[in-house]
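my_file.txt (compact mmCIF, C-alpha atoms and all ligand atoms) appears below.
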# COMPACT_ATOMS: atom_id res chain seq x y z
CA MET A 1 -65.10 -4.77 41.72
CA GLY A 2 -65.67 -6.97 38.68
CA LEU A 3 -64.37 -4.18 36.47
CA ILE A 4 -61.18 -3.77 38.55
CA CYS A 5 -60.56 -7.54 38.44
CA PHE A 6 -61.13 -7.52 34.69
CA SER A 7 -58.72 -4.57 34.22
CA LEU A 8 -56.12 -6.27 36.39
CA PHE A 9 -56.51 -9.41 34.35
CA ILE A 10 -55.99 -7.44 31.11
CA ILE A 11 -52.90 -5.70 32.52
CA LEU A 12 -51.41 -9.02 33.65
CA ALA A 13 -52.14 -10.55 30.27
CA LEU A 14 -50.42 -7.62 28.54
CA ILE A 15 -47.37 -7.96 30.78
CA LEU A 16 -47.27 -11.68 30.07
CA ILE A 17 -47.43 -11.07 26.31
CA ALA A 18 -44.66 -8.48 26.59
CA VAL A 19 -42.46 -10.85 28.58
CA LEU A 20 -43.06 -13.65 26.13
CA LYS A 21 -42.13 -11.34 23.30
CA ILE A 22 -38.73 -10.47 24.82
CA THR A 23 -37.99 -14.00 25.99
CA PRO A 24 -38.18 -16.30 22.98
CA SER A 25 -40.24 -19.41 23.62
CA SER A 26 -37.39 -21.62 22.35
CA SER A 27 -34.30 -21.73 24.52
CA THR A 28 -31.52 -19.18 23.95
CA PRO A 29 -29.38 -20.14 20.93
CA LYS A 30 -26.05 -21.74 21.79
CA SER A 31 -24.03 -18.91 20.21
CA GLU A 32 -25.71 -16.38 22.50
CA GLN A 33 -24.98 -18.47 25.57
CA LEU A 34 -21.32 -18.69 24.53
CA ILE A 35 -21.06 -14.94 23.92
CA GLU A 36 -22.66 -14.22 27.30
CA GLN A 37 -20.15 -16.51 28.97
CA SER A 38 -17.06 -15.22 27.16
CA TYR A 39 -17.96 -11.53 27.12
CA PRO A 40 -20.15 -10.82 30.16
CA THR A 41 -19.84 -7.02 29.79
CA LEU A 42 -21.50 -6.98 26.36
CA LYS A 43 -25.12 -5.87 26.22
CA LYS A 44 -27.60 -7.94 24.24
CA GLN A 45 -29.89 -6.14 21.81
CA VAL A 46 -32.52 -7.34 19.37
CA GLN A 47 -33.74 -5.18 16.52
CA THR A 48 -35.88 -5.76 13.50
CA ILE A 49 -34.55 -4.10 10.40
CA ASP A 50 -36.28 -4.60 7.04
CA ASN A 51 -38.28 -7.52 8.46
CA GLN A 52 -35.11 -9.20 9.67
CA THR A 53 -34.45 -9.71 13.32
CA LYS A 54 -30.86 -9.01 14.21
CA THR A 55 -29.37 -10.04 17.52
CA TYR A 56 -26.17 -8.40 18.63
CA PHE A 57 -23.95 -8.02 21.65
CA LEU A 58 -22.16 -4.69 22.00
CA PRO A 59 -20.25 -2.86 24.71
CA ASP A 60 -22.13 -0.23 26.66
CA ASN A 61 -20.64 2.75 24.83
CA ASP A 62 -22.55 5.09 22.53
CA LEU A 63 -19.71 5.69 20.09
CA ILE A 64 -18.94 2.01 19.58
CA GLU A 65 -22.64 1.15 19.50
CA ASN A 66 -23.44 3.69 16.79
CA GLN A 67 -20.58 2.66 14.57
CA ALA A 68 -21.28 -1.07 15.08
CA THR A 69 -25.04 -0.83 14.50
CA ARG A 70 -24.37 1.02 11.26
CA LEU A 71 -22.16 -1.87 10.16
CA ILE A 72 -24.72 -4.44 11.33
CA HIS A 73 -27.48 -2.70 9.38
CA ASN A 74 -25.37 -2.92 6.23
CA SER A 75 -24.52 -6.57 6.78
CA LYS A 76 -26.60 -9.02 4.80
CA GLU A 77 -25.96 -12.14 6.91
CA THR A 78 -29.02 -14.10 8.03
CA ASP A 79 -29.59 -16.37 11.02
CA VAL A 80 -26.56 -15.10 12.84
CA THR A 81 -25.50 -13.38 16.01
CA TYR A 82 -23.19 -10.36 16.01
CA TYR A 83 -20.73 -9.44 18.73
CA LEU A 84 -17.93 -6.96 19.11
CA THR A 85 -14.62 -7.18 20.90
CA SER A 86 -12.14 -4.39 21.57
CA LYS A 87 -8.42 -4.88 21.74
CA ASP A 88 -6.10 -2.41 23.40
CA ASN A 89 -3.42 -1.25 20.97
CA GLN A 90 -1.62 1.16 23.31
CA THR A 91 -2.64 4.43 21.68
CA PHE A 92 -6.07 3.36 20.41
CA TRP A 93 -8.63 0.54 20.34
CA VAL A 94 -9.03 -2.00 17.57
CA ASN A 95 -12.71 -2.96 17.51
CA THR A 96 -13.68 -6.13 15.70
CA LEU A 97 -17.27 -6.94 14.79
CA TYR A 98 -17.81 -10.68 14.43
CA VAL A 99 -20.67 -12.72 13.13
CA VAL A 100 -21.39 -16.30 14.15
CA SER A 101 -24.17 -18.70 13.13
CA LYS A 102 -26.93 -18.92 15.74
CA ASN A 103 -26.30 -22.55 16.60
CA SER A 104 -22.54 -22.44 16.66
CA GLN A 105 -20.92 -24.55 19.39
CA ASN A 106 -17.56 -22.84 19.16
CA LEU A 107 -16.96 -19.09 18.82
CA ASP A 108 -13.26 -19.41 18.05
CA THR A 109 -13.66 -21.60 15.02
CA ASP A 110 -16.98 -20.35 13.68
CA SER A 111 -16.79 -16.58 14.01
CA LYS A 112 -16.11 -14.44 10.96
CA ILE A 113 -14.96 -10.83 10.95
CA VAL A 114 -17.59 -8.48 9.52
CA ALA A 115 -15.61 -5.29 9.95
CA GLN A 116 -12.96 -3.64 12.02
CA PHE A 117 -12.60 -0.05 13.06
CA ASN A 118 -10.38 1.89 15.39
CA SER A 119 -11.36 4.28 18.13
CA THR A 120 -9.37 6.66 20.28
CA LYS A 121 -8.17 5.54 23.68
CA ASP A 122 -10.96 7.45 25.46
CA ASN A 123 -13.53 6.19 22.93
CA THR A 124 -14.64 9.68 21.98
CA LYS A 125 -13.86 9.30 18.29
CA VAL A 126 -13.86 6.61 15.62
CA LEU A 127 -10.60 7.03 13.73
CA LYS A 128 -10.61 7.86 10.06
CA LEU A 129 -7.82 6.83 7.74
CA SER A 130 -7.07 10.54 7.37
CA ASP A 131 -6.39 10.71 11.15
CA ILE A 132 -3.67 8.09 10.80
CA ILE A 133 -1.94 9.18 7.57
CA LYS A 134 0.04 12.44 7.60
CA SER A 135 -1.94 15.21 5.96
CA ASP A 136 0.72 16.69 3.66
CA ASP A 137 0.43 16.14 -0.09
CA LYS A 138 3.60 14.07 -0.36
CA SER A 139 2.58 11.57 2.32
CA GLN A 140 -0.96 11.27 0.96
CA ALA A 141 0.36 10.70 -2.56
CA ALA A 142 2.87 8.13 -1.27
CA PHE A 143 0.09 6.26 0.54
CA LYS A 144 -2.10 6.20 -2.55
CA LEU A 145 0.83 4.99 -4.61
CA ALA A 146 1.39 2.10 -2.18
CA LEU A 147 -2.34 1.34 -2.29
CA THR A 148 -2.38 1.39 -6.10
CA ARG A 149 0.63 -0.85 -6.31
CA TYR A 150 -0.97 -3.32 -3.91
CA VAL A 151 -4.25 -3.51 -5.84
CA PHE A 152 -2.55 -3.91 -9.22
CA GLU A 153 -0.20 -6.60 -8.01
CA ALA A 154 -2.89 -8.47 -6.04
CA THR A 155 -5.03 -9.04 -9.11
CA ASN A 156 -4.89 -9.17 -12.88
CA VAL A 157 -5.86 -5.79 -14.24
CA THR A 158 -6.83 -5.86 -17.92
CA SER A 159 -5.66 -3.25 -20.44
CA GLU A 160 -9.13 -1.70 -20.44
CA GLN A 161 -9.20 -1.44 -16.65
CA PHE A 162 -5.66 -0.13 -16.28
CA ILE A 163 -6.19 3.62 -16.62
CA PRO A 164 -9.68 3.89 -15.00
CA LEU A 165 -8.54 1.83 -12.00
CA LYS A 166 -5.38 3.88 -11.57
CA ASN A 167 -7.42 7.10 -11.66
CA GLN A 168 -10.00 5.81 -9.20
CA LEU A 169 -7.36 4.70 -6.73
CA GLN A 170 -5.54 7.99 -7.02
CA SER A 171 -8.67 9.97 -6.19
CA ILE A 172 -9.90 7.71 -3.38
CA SER A 173 -10.98 9.46 -0.19
CA LEU A 174 -8.99 8.81 2.96
CA ASP A 175 -11.87 10.27 4.93
CA THR A 176 -13.21 6.82 5.80
CA THR A 177 -13.55 4.68 8.91
CA ASP A 178 -13.60 1.45 6.89
CA PHE A 179 -10.10 0.36 7.73
CA SER A 180 -8.33 -1.32 10.57
CA PHE A 181 -4.89 -1.03 11.82
CA ASN A 182 -2.58 -2.81 14.22
CA GLN A 183 1.15 -3.13 14.86
CA ASN A 184 1.64 -5.28 11.76
CA GLN A 185 -0.68 -4.15 9.05
CA LEU A 186 -3.22 -1.70 7.81
CA ASP A 187 -6.30 -3.19 6.14
CA PHE A 188 -8.33 -0.89 3.98
CA SER A 189 -11.69 -1.87 2.46
CA LEU A 190 -12.21 -0.76 -1.11
CA PRO A 191 -15.69 0.08 -2.39
CA ASP A 192 -17.15 -2.78 -4.52
CA THR A 193 -17.33 -0.50 -7.51
CA ILE A 194 -13.57 -0.01 -7.70
CA SER A 195 -12.01 -3.41 -7.91
CA THR A 196 -12.41 -7.13 -7.35
CA VAL A 197 -9.78 -6.65 -4.66
CA LYS A 198 -11.98 -5.93 -1.65
CA LYS A 199 -9.29 -5.50 0.92
CA VAL A 200 -5.89 -3.87 0.73
CA SER A 201 -3.38 -5.07 3.32
CA LEU A 202 -0.28 -2.93 3.67
CA ALA A 203 2.54 -4.02 5.95
CA ILE A 204 3.13 -1.31 8.55
CA ASP A 205 6.92 -1.47 7.98
CA THR A 206 6.35 -0.18 4.46
CA ILE A 207 4.09 2.76 5.39
CA ASN A 208 5.25 3.56 8.92
CA TYR A 209 6.93 6.78 7.72
CA LEU A 210 3.61 8.01 6.34
CA LEU A 211 1.78 7.72 9.68
CA ASN A 212 1.25 10.51 12.16
CA SER A 213 3.75 10.21 14.99
CA ASP A 214 1.09 9.02 17.49
CA TYR A 215 0.49 5.96 15.37
CA GLN A 216 4.00 5.09 14.24
CA ILE A 217 5.63 1.92 15.43
CA ALA A 218 9.17 2.12 16.80
CA ASP A 219 11.65 2.44 13.95
CA LYS A 220 14.02 -0.52 14.04
CA SER A 221 16.32 0.86 11.35
CA GLN A 222 17.58 3.81 13.42
CA ASN A 223 20.37 1.94 15.15
CA GLN A 224 21.94 0.73 11.96
CA THR A 225 25.49 1.94 11.48
CA PRO A 226 25.85 4.04 8.35
CA LYS A 227 27.36 2.07 5.52
CA LYS A 228 29.24 3.10 2.46
CA VAL A 229 26.61 2.54 -0.21
CA VAL A 230 26.10 3.20 -3.88
CA ALA A 231 23.12 2.64 -6.19
CA LEU A 232 23.70 1.48 -9.75
CA THR A 233 20.96 2.47 -12.17
CA PHE A 234 20.52 1.43 -15.80
CA ASP A 235 18.36 3.42 -18.21
CA ASP A 236 16.66 3.16 -21.60
CA GLY A 237 16.43 -0.64 -21.83
CA PRO A 238 15.72 -3.39 -21.81
CA ARG A 239 17.71 -4.44 -24.85
CA PRO A 240 18.52 -8.07 -25.74
CA GLY A 241 22.24 -8.74 -25.47
CA SER A 242 23.51 -5.82 -23.42
CA THR A 243 20.80 -6.11 -20.73
CA ASP A 244 21.32 -9.88 -20.54
CA SER A 245 25.03 -9.38 -20.16
CA ILE A 246 24.56 -6.78 -17.39
CA LEU A 247 22.19 -9.12 -15.57
CA SER A 248 24.71 -11.94 -15.58
CA THR A 249 27.48 -9.64 -14.26
CA LEU A 250 25.18 -8.42 -11.46
CA ASN A 251 24.35 -12.03 -10.70
CA GLN A 252 28.00 -13.02 -10.50
CA PHE A 253 28.68 -10.28 -7.97
CA ASP A 254 25.34 -10.85 -6.21
CA ILE A 255 24.39 -7.18 -6.59
CA LYS A 256 20.94 -5.62 -6.85
CA ALA A 257 20.42 -2.60 -9.11
CA THR A 258 17.56 -0.49 -10.47
CA PHE A 259 16.45 -0.49 -14.12
CA PHE A 260 14.56 2.50 -15.52
CA MET A 261 12.84 1.14 -18.59
CA LEU A 262 11.32 2.76 -21.63
CA GLY A 263 7.75 1.63 -22.24
CA GLN A 264 8.39 0.92 -25.91
CA ASN A 265 11.28 -1.40 -25.04
CA ALA A 266 9.35 -3.14 -22.26
CA LYS A 267 6.58 -3.76 -24.80
CA ARG A 268 9.04 -5.12 -27.35
CA HIS A 269 10.91 -7.36 -24.90
CA PRO A 270 8.50 -8.46 -22.16
CA ASP A 271 10.60 -11.57 -21.41
CA LEU A 272 13.55 -9.37 -20.57
CA VAL A 273 11.44 -7.23 -18.21
CA LYS A 274 10.40 -10.43 -16.50
CA LYS A 275 14.01 -11.60 -16.30
CA VAL A 276 15.08 -8.34 -14.62
CA LYS A 277 12.30 -8.79 -12.06
CA GLU A 278 13.10 -12.47 -11.49
CA ASN A 279 16.73 -11.56 -10.86
CA GLY A 280 15.53 -9.43 -7.97
CA HIS A 281 16.24 -5.97 -9.36
CA ALA A 282 13.99 -2.96 -9.00
CA ILE A 283 12.17 -1.66 -12.07
CA GLY A 284 11.16 1.95 -12.59
CA SER A 285 9.54 3.85 -15.43
CA HIS A 286 11.54 6.11 -17.75
CA SER A 287 8.67 7.26 -20.06
CA TYR A 288 7.48 5.52 -23.22
CA ASN A 289 9.84 6.86 -25.87
CA HIS A 290 12.17 9.29 -24.13
CA PRO A 291 10.71 12.72 -24.88
CA MET A 292 11.62 15.91 -23.03
CA LEU A 293 8.68 15.80 -20.63
CA THR A 294 8.72 19.55 -19.94
CA LYS A 295 7.80 20.17 -23.58
CA LEU A 296 4.76 17.89 -23.65
CA LYS A 297 1.10 18.84 -23.37
CA PRO A 298 -0.56 17.40 -20.24
CA ASP A 299 -2.44 14.66 -22.13
CA GLU A 300 0.76 13.59 -23.93
CA LEU A 301 2.57 13.47 -20.62
CA ILE A 302 -0.13 11.30 -19.04
CA LYS A 303 -0.02 8.98 -22.05
CA GLN A 304 3.77 8.54 -21.67
CA ILE A 305 3.32 7.50 -18.06
CA ASN A 306 0.28 5.26 -18.50
CA GLN A 307 1.61 3.42 -21.54
CA THR A 308 4.90 2.69 -19.80
CA GLY A 309 3.23 1.56 -16.59
CA GLN A 310 0.99 -0.70 -18.60
CA ALA A 311 3.85 -2.22 -20.67
CA ILE A 312 5.86 -3.03 -17.55
CA TYR A 313 2.77 -4.36 -15.76
CA GLU A 314 1.78 -6.60 -18.66
CA ALA A 315 5.32 -7.98 -18.95
CA ALA A 316 6.12 -8.64 -15.30
CA HIS A 317 3.02 -7.88 -13.17
CA ILE A 318 4.83 -5.00 -11.49
CA TYR A 319 3.29 -1.59 -10.94
CA PRO A 320 6.32 0.71 -11.21
CA THR A 321 6.42 3.25 -8.39
CA LEU A 322 9.70 4.97 -9.31
CA PHE A 323 10.15 7.35 -12.21
CA ARG A 324 13.23 8.72 -13.89
CA PRO A 325 12.54 11.66 -16.20
CA PRO A 326 14.45 11.51 -19.52
CA TYR A 327 17.39 13.96 -19.46
CA GLY A 328 16.43 14.66 -15.85
CA ALA A 329 14.04 17.25 -17.26
CA ARG A 330 11.14 18.05 -14.95
CA ASN A 331 9.07 20.90 -13.59
CA GLN A 332 6.14 21.28 -11.22
CA VAL A 333 3.59 20.14 -13.80
CA VAL A 334 5.64 17.02 -14.53
CA ASP A 335 6.01 16.23 -10.81
CA GLN A 336 2.31 16.66 -10.13
CA THR A 337 1.22 14.62 -13.12
CA ILE A 338 3.55 11.70 -12.49
CA LEU A 339 2.93 11.54 -8.72
CA LYS A 340 5.84 9.16 -8.17
CA PRO A 341 9.25 9.71 -6.58
CA LEU A 342 11.50 11.20 -9.30
CA ILE A 343 14.87 9.53 -9.26
CA GLU A 344 17.65 11.68 -10.66
CA TRP A 345 21.38 10.96 -10.17
CA ASN A 346 24.55 12.66 -9.01
CA ILE A 347 27.01 10.74 -11.15
CA ASP A 348 26.51 10.67 -14.90
CA SER A 349 28.85 7.97 -16.16
CA GLU A 350 28.49 9.51 -19.65
CA ASP A 351 28.53 5.97 -20.97
CA TRP A 352 26.23 7.05 -23.81
CA LYS A 353 29.34 8.55 -25.40
CA LYS A 354 30.63 4.92 -25.43
CA PRO A 355 33.95 5.94 -23.91
CA GLY A 356 35.43 2.51 -23.18
CA THR A 357 36.12 0.91 -19.83
CA GLU A 358 39.02 3.14 -18.76
CA THR A 359 37.29 6.51 -19.20
CA LEU A 360 34.04 5.19 -17.73
CA LEU A 361 35.87 3.93 -14.67
CA LYS A 362 37.73 7.24 -14.28
CA THR A 363 34.47 9.25 -14.33
CA ILE A 364 33.06 7.09 -11.55
CA GLN A 365 36.32 7.05 -9.52
CA GLN A 366 36.53 10.84 -9.55
CA ASN A 367 32.94 11.44 -8.47
CA VAL A 368 31.74 8.58 -6.31
CA ARG A 369 30.97 9.06 -2.64
CA SER A 370 28.73 7.25 -0.22
CA GLY A 371 25.07 7.53 -1.19
CA SER A 372 25.75 8.22 -4.86
CA ILE A 373 23.26 7.32 -7.57
CA ILE A 374 25.21 6.32 -10.67
CA LEU A 375 23.54 6.71 -14.04
CA MET A 376 24.43 4.16 -16.73
CA HIS A 377 22.64 2.71 -19.76
CA ASP A 378 21.97 -0.97 -20.29
CA ILE A 379 21.47 -0.43 -24.04
CA HIS A 380 25.23 -0.15 -24.68
CA GLN A 381 27.40 -3.25 -24.88
CA THR A 382 30.40 -1.06 -23.94
CA THR A 383 28.73 -0.40 -20.56
CA ALA A 384 28.07 -4.11 -20.12
CA ASP A 385 31.75 -4.79 -20.91
CA ALA A 386 32.99 -2.16 -18.44
CA LEU A 387 30.69 -3.23 -15.62
CA PRO A 388 32.87 -5.93 -13.99
CA THR A 389 35.78 -3.45 -13.76
CA VAL A 390 33.53 -0.73 -12.29
CA ILE A 391 32.03 -3.12 -9.74
CA ASN A 392 35.44 -4.47 -8.73
CA TYR A 393 36.72 -0.94 -8.16
CA LEU A 394 33.70 0.04 -6.01
CA LYS A 395 33.82 -3.22 -4.06
CA ASN A 396 37.51 -2.77 -3.27
CA ALA A 397 36.79 0.81 -2.21
CA GLY A 398 34.37 -0.62 0.38
CA TYR A 399 31.04 0.17 -1.25
CA GLU A 400 27.93 -1.90 -0.82
CA PHE A 401 25.44 -1.95 -3.66
CA VAL A 402 21.80 -1.12 -3.04
CA SER A 403 18.63 -0.60 -5.06
CA ILE A 404 16.99 2.85 -5.02
CA ASP A 405 14.36 1.66 -2.52
CA GLN A 406 17.08 0.37 -0.21
CA LEU A 407 19.11 3.57 -0.56
CA TYR A 408 16.23 5.47 1.03
CA GLN A 409 15.18 2.65 3.37
CA HIS A 410 11.91 2.35 1.49
CA GLN A 411 10.87 5.87 2.48
CA LEU A 412 10.30 7.66 -0.77
CA TYR A 413 7.77 10.38 -1.57
CA PRO A 414 6.12 11.48 -4.81
CA LEU A 415 6.63 15.18 -5.67
CA THR A 416 10.24 14.81 -4.56
CA ASN A 417 13.44 14.65 -6.62
CA TYR A 418 16.20 12.38 -5.43
CA TYR A 419 19.79 13.04 -6.51
CA SER A 420 21.71 11.02 -3.93
CA GLN A 421 21.08 9.51 -0.51
CA HIS A 422 21.38 12.86 1.24
CA ASP A 423 20.13 15.11 -1.51
CA ALA A 424 16.36 15.05 -1.95
CA ARG A 425 14.52 18.21 -3.00
ZN ZN A 501 17.31 7.93 -20.71

Turn this file's structure into structure tokens for me.
Amino acid sequence: MGLICFSLFIILALILIAVLKITPSSSTPKSEQLIEQSYPTLKKQVQTIDNQTKTYFLPDNDLIENQATRLIHNSKETDVTYYLTSKDNQTFWVNTLYVVSKNSQNLDTDSKIVAQFNSTKDNTKVLKLSDIIKSDDKSQAAFKLALTRYVFEATNVTSEQFIPLKNQLQSISLDTTDFSFNQNQLDFSLPDTISTVKKVSLAIDTINYLLNSDYQIADKSQNQTPKKVVALTFDDGPRPGSTDSILSTLNQFDIKATFFMLGQNAKRHPDLVKKVKENGHAIGSHSYNHPMLTKLKPDELIKQINQTGQAIYEAAHIYPTLFRPPYGARNQVVDQTILKPLIEWNIDSEDWKKPGTETLLKTIQQNVRSGSIILMHDIHQTTADALPTVINYLKNAGYEFVSIDQLYQHQLYPLTNYYSQHDAR
């Protein structure tokens, strides 16, 4: 009898110890009470990882739990409570993992986002970036180009970092769940080793065309009535005098154009590159010193592109995403090395022959149609002198002037050659 009583006593004591262990002796932290009130369906869990006790509230779903606990394990916050909320985004869920200090009195003001990830509507799969972005080479290259541009323009990349960073961003894996996505933007976390820019935020409008149809937002541009448009492009500059004069004519008429610059000239005249940007024009790369790219060795070709990108970036903090090959000369190797949309033309004004206003105008009059890309050169004063006449003619003929990006409604792909609005190959 005594033995049974003793055993019973031991068992009760063990149960008591166990209960005390689960229920902390101090009262439940305020943050936990608030989470329990606001999100009653979340399940509380306590785990000790590397001698640190982590308290978290997660939905009762294996997929979400696994992904979230992985993120919690990686998080280095101390003395905090984690919780996760899921927002319905029509075709998928946006899951947000928050962290809040244990004694917080207000979740709304004190919570910080640790990470976000997306899961399918039926919560059977955590979405990877590669599930969202179209899988063809052109779309993937276009996405990486947008990503690269964002990172370069969001920070100051030094000359030493320029090429390594560009290469790292170009070879980044889209096979990652470390991104989040909603109707307005796509946030992508970069590994610490790549850049001081931790998070890339791309507006959905600018990458919508690169998304798989399930994830695209409704295209607002579809109902626009087709307009009579023309894109003026100026090559080989910038050059003091003629480029300045072209800029003031464009200003007078309130027209935006696209300038394809040579790296060597951008390096020589950084102020002029900056002026072109500040006047609201688009800037593309036209190689460093105008070689026939098809005749270059691969390393020479890469050098032409990198040096030009760097000169334009250093002058105006722009990462050029458009490329015009000198003489229009390109082949598959050139396309695949440059990995930018290649902008050709369908009207050569032949202004390099310095023909005078009348002949220049006649060439354009005879060839122009809606969607044309007109090639001119801002290094010739004769072109600058003829420009008001050319613009007046086109205006009176009912043309509107657009930059190359606008001509294609900001939907351009690397590995593609553009000759006019309706001729891309
Ligand atoms: Zn040229």

Once you count all atoms listed in the file, which residues end up within 10 Å of ligand ZN 501 (chain A), and could you hand them over as a PDB file with C-alpha atoms, in the coordinates of the input?
ATOM      1  CA  PHE A 234      20.520   1.430 -15.800  1.00  0.00           C
ATOM      2  CA  ASP A 235      18.360   3.420 -18.210  1.00  0.00           C
ATOM      3  CA  ASP A 236      16.660   3.160 -21.600  1.00  0.00           C
ATOM      4  CA  GLY A 237      16.430  -0.640 -21.830  1.00  0.00           C
ATOM      5  CA  PHE A 260      14.560   2.500 -15.520  1.00  0.00           C
ATOM      6  CA  MET A 261      12.840   1.140 -18.590  1.00  0.00           C
ATOM      7  CA  LEU A 262      11.320   2.760 -21.630  1.00  0.00           C
ATOM      8  CA  HIS A 286      11.540   6.110 -17.750  1.00  0.00           C
ATOM      9  CA  SER A 287       8.670   7.260 -20.060  1.00  0.00           C
ATOM     10  CA  ASN A 289       9.840   6.860 -25.870  1.00  0.00           C
ATOM     11  CA  HIS A 290      12.170   9.290 -24.130  1.00  0.00           C
ATOM     12  CA  PRO A 291      10.710  12.720 -24.880  1.00  0.00           C
ATOM     13  CA  ARG A 324      13.230   8.720 -13.890  1.00  0.00           C
ATOM     14  CA  PRO A 325      12.540  11.660 -16.200  1.00  0.00           C
ATOM     15  CA  PRO A 326      14.450  11.510 -19.520  1.00  0.00           C
ATOM     16  CA  TYR A 327      17.390  13.960 -19.460  1.00  0.00           C
ATOM     17  CA  GLY A 328      16.430  14.660 -15.850  1.00  0.00           C
ATOM     18  CA  TRP A 352      26.230   7.050 -23.810  1.00  0.00           C
ATOM     19  CA  LEU A 375      23.540   6.710 -14.040  1.00  0.00           C
ATOM     20  CA  MET A 376      24.430   4.160 -16.730  1.00  0.00           C
ATOM     21  CA  HIS A 377      22.640   2.710 -19.760  1.00  0.00           C
ATOM     22  CA  ILE A 379      21.470  -0.430 -24.040  1.00  0.00           C
TER      23      ILE A 379
END

Atom CA of A:Lys277 to atom CA of A:Ala311, straight-line distance in Å: 13.7 Å

Point-to-point distance in Å for atom CA of A:Leu342 and atom CA of A:Thr416: 6.1 Å

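With distances restricted to all atoms listed in the file, A:Ala146 is the closest residue to A:Asn208 from A:Ala154, A:Ala146, A:Val276, A:Ala315.
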
Pairwise distance for atom CA of A:Ser248 and atom CA of A:Gln421, rounded to one decimal in Å: 26.5 Å

Just the residues within 12 Å of A:Thr249, please, counting only C-alpha atoms, with nothing from its chain fewer than 3 positions along; format it as a JSON list (two decimals) with C-alpha atoms, in the frame of the given file.
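File written: result27.json
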[["chain", "number", "residue", "atom", "x", "y", "z"],
["A", 242, "SER", "CA", 23.51, -5.82, -23.42],
["A", 243, "THR", "CA", 20.80, -6.11, -20.73],
["A", 244, "ASP", "CA", 21.32, -9.88, -20.54],
["A", 245, "SER", "CA", 25.03, -9.38, -20.16],
["A", 246, "ILE", "CA", 24.56, -6.78, -17.39],
["A", 252, "GLN", "CA", 28.00, -13.02, -10.50],
["A", 253, "PHE", "CA", 28.68, -10.28, -7.97],
["A", 254, "ASP", "CA", 25.34, -10.85, -6.21],
["A", 255, "ILE", "CA", 24.39, -7.18, -6.59],
["A", 256, "LYS", "CA", 20.94, -5.62, -6.85],
["A", 257, "ALA", "CA", 20.42, -2.60, -9.11],
["A", 279, "ASN", "CA", 16.73, -11.56, -10.86],
["A", 378, "ASP", "CA", 21.97, -0.97, -20.29],
["A", 383, "THR", "CA", 28.73, -0.40, -20.56],
["A", 384, "ALA", "CA", 28.07, -4.11, -20.12],
["A", 385, "ASP", "CA", 31.75, -4.79, -20.91],
["A", 386, "ALA", "CA", 32.99, -2.16, -18.44],
["A", 387, "LEU", "CA", 30.69, -3.23, -15.62],
["A", 388, "PRO", "CA", 32.87, -5.93, -13.99],
["A", 389, "THR", "CA", 35.78, -3.45, -13.76],
["A", 390, "VAL", "CA", 33.53, -0.73, -12.29],
["A", 391, "ILE", "CA", 32.03, -3.12, -9.74],
["A", 392, "ASN", "CA", 35.44, -4.47, -8.73]]
